[in-house]
Amino acid sequence: MINHDTINKIMDTARIEEVVGDFVALKKRGTSLIGNCPFHNEKTPSFHVSVTKGIYKCFGCGKGGDAVHFIMDHEKYSYPEALKFLAQKYHIEVEETVQSTQQIEAQNARETLYIVSQFAASFFANELWTGADGRAIGLSYFKERGFREDIIKKFDLGYSPDVWDALTTKAITSGYKEENLERTGLSIRNDKGKLYDRFRGRVMFPIHNFTGRVIGFGGRTLKTDKNVPKYVNSPESEIYHKSNVLYGLFHAKKAIREADNCYLVEGYADVLSVHQAGVENVVASSGTSLTTEQIRLIGRFTQNVTILYDGDAAGIKASLRGLDMILEEGLNVKVVNFPDGHDPDSYMHKVGAGAFKIYIENNRKDFILYKATTLLKEAGRDPIKRAGIIRDIVESIAKIPDNIKASVFIRECSHLLEVEERILISELNKIHAGKLKKMAPPSSSFSSQQPPDGPPDNLFDDQATPGDTVGRSSVSDELQEREIVRLLLTFGHELVSWDKIDNMYIGSFIMQNLADVTFEDAVCDKIISYYKQEIESGKLPTANQFIKNQDREVADLAITLSTSPYALSENWYNKHQIYVRDETMNLKATILGGIFHLKKRKVDRILLNLLNEIKEENDAVNQEILMQRYSFIKNVEKEISKFLGSVIVK
């Protein structure tokens, strides 16, 4: 277990904007930082980071928390693992009490796979730099390819000996279990039950996750035997899902954010070459065709992608396939075409780092120009082929979710393809109509969708179903109870400044005035009960105690109630001289309004229950007692309604 003082030091040191900023491109908006949420797919940012409160909140999917919770959610870490991650980031020494043997070996099965993968990466790197074959074969290969030693070390490149079980034997003698070597895919068991290495006689490219931990490998053979596959990659495992990983992203994410552009290449060597040329904002799809998940990873840091694929026919087709997928995700796409069939790796080593950098900066083409010129070159003057190509290009434009961008591209295509703009628009509309038709439910005819002649029979039914909005809102006090919690978190530490009340905090004032109220929402009740206990023991709770609470339900609610996606623009006053009063201008009305709204809901419920009891009571004496109680409660309700400005129905 981590020492309590260490936990406090980590929590005090960790900056929410720095922690989140390692994973999400954040931009300032008002008092918050915003970006695309890493927990769900979105094109319009709804993910907010409050630097002053030290929390994040997504108003799209609802995720929220502090720096520790962010790492837990994003990396699927336990609480201690997230603390250790932050401690490592901020160079804080972690003091722990005595751990069990199991805890020392690994916090859980997932952590074990990370440890085994890192061991393998160190083994391969050590073989490259100190092994006889590693230096003679592996290191010589990388240097012959023109890679500098600093690049080789930066990407942790290595060499796997051309021996059946070199890694497996070393790992087992070092205390690693056979089952974990199999689970990572580093070792394979043959029909006779013997383990052997997956990677043999190959130069090794470790694949890192978002935070820099090794999760898999790509191995390239140096043999010329055509029966030996050129590349072998790690299989899917609990920590490695290749469709969700971009090779080089760990080293590139900062540069991508700063340049507001991501260069996308095809292979491991391409990433190394472009990186060596001084262009660090480069990633590759690492042994798989480009996937939607990989595109969304890029979208966290920039909306601009530049494709640097091979200049041969296969590379061009691959770039066109990936291009349409990128468009669907709303990103802007440009393409660089290399001369004479070069790929980024070969062209960089041919012309040198400086000339390569200048070339890709000066030769970025808009995707429409690239796709149109490439396909038209193949079609020549054949009218049938040209018609097909025009339709293909319009289909690409149809994938763009932004209508303004799409209209600009339609205009460009009209000139380029020598086709009237109205014809292209007509074709675009047909494609959109076809998509809508496919998305529509089977019974989408107007006759079947006509509204009923009258209101539903149960519109005013007290026994509305749980899913019925009317029924639910009529019986739930959740909104009013949450408002009380919000007021406690926001203003609980401020002094009461009305009705000549001295030396009383608003938190104490609210609790005194709600002493007779029972909270029905379970999470609200937890917060109120804790608040009451703290006040009774002479302490005044702070919002942070709830925001950073280890009870995730309490923390989530506190964060939700402490944040808002909206901020009043300064231009209301600066440009238009419109002054908007906020709730702090009249705290008495704000606090009493919250208290009385909740009490009115509770009183209305009591009155409704009393009415039902009166209807069901047959004894005249008991009925009279109930009527007197109803009259008393009704007077209370009238007084509350007077304050709230409600219309009283007598």
# chains A, B, ... in the order shown; residues from 1 in each chain; ligands from 1

$ residues_around --residues "segment 351-366 of chain A" --least-positions-apart "4" --cutoff "7 Å" --atoms "only C-alpha atoms" --output "PyMOL selection string"
chain A and resi 277+333-336+347+370

$ write_last_selection --atoms "C-alpha atoms" --output "short mmCIF file (atom, residue, chain, number, x, y, z; two decimals), in the first residue's frame"
data_model
loop_
_atom_site.label_atom_id
_atom_site.label_comp_id
_atom_site.auth_asym_id
_atom_site.auth_seq_id
_atom_site.Cartn_x
_atom_site.Cartn_y
_atom_site.Cartn_z
CA ALA A 277 14.67 14.11 -40.87
CA VAL A 333 -6.60 15.40 -45.46
CA LYS A 334 -3.62 16.22 -47.64
CA VAL A 335 -1.33 13.85 -49.54
CA VAL A 336 2.36 13.95 -50.49
CA TYR A 347 13.38 9.24 -50.45
CA TYR A 370 -4.63 14.13 -55.55
#

$ residues_around --residues "segment 123-130 of chain A" --least-positions-apart "2" --cutoff "8 Å" --atoms "only C-alpha atoms" --output "PyMOL selection string"
chain A and resi 119-121+132-135+138-139+156-161+167+204

$ closest_residue --among "A:Phe199, A:Tyr79, A:Phe47, A:Tyr505" --to "Arg552 of chain A" --atoms "only C-alpha atoms"
A:Tyr79

$ residues_around --residues "segment 521-533 of chain A" --least-positions-apart "4" --cutoff "7 Å" --atoms "only C-alpha atoms" --output "ChimeraX atom specification"
/A:478,481-482,485,511,537,541,553-554

$ atom_distance --atom1 "atom CA of Phe491 of chain A" --atom2 "atom CA of Ile34 of chain A"
25.4 Å

$ residues_around --residues "Lys230 of chain A" --least-positions-apart "4" --cutoff "9 Å" --atoms "only C-alpha atoms" --output "ChimeraX atom specification"
/A:219-224,226

$ residues_around --residues "His48 of chain A" --least-positions-apart "2" --cutoff "9 Å" --atoms "only C-alpha atoms" --output "list in words"
Leu26, Ser32, Leu33, Ile34, Gly35, Asn36, Cys37, Pro45, Ser46, Ser50, Ile55, Tyr56, Lys57, Cys58, Phe59, Thr563, Ser564 and Pro565 of chain A
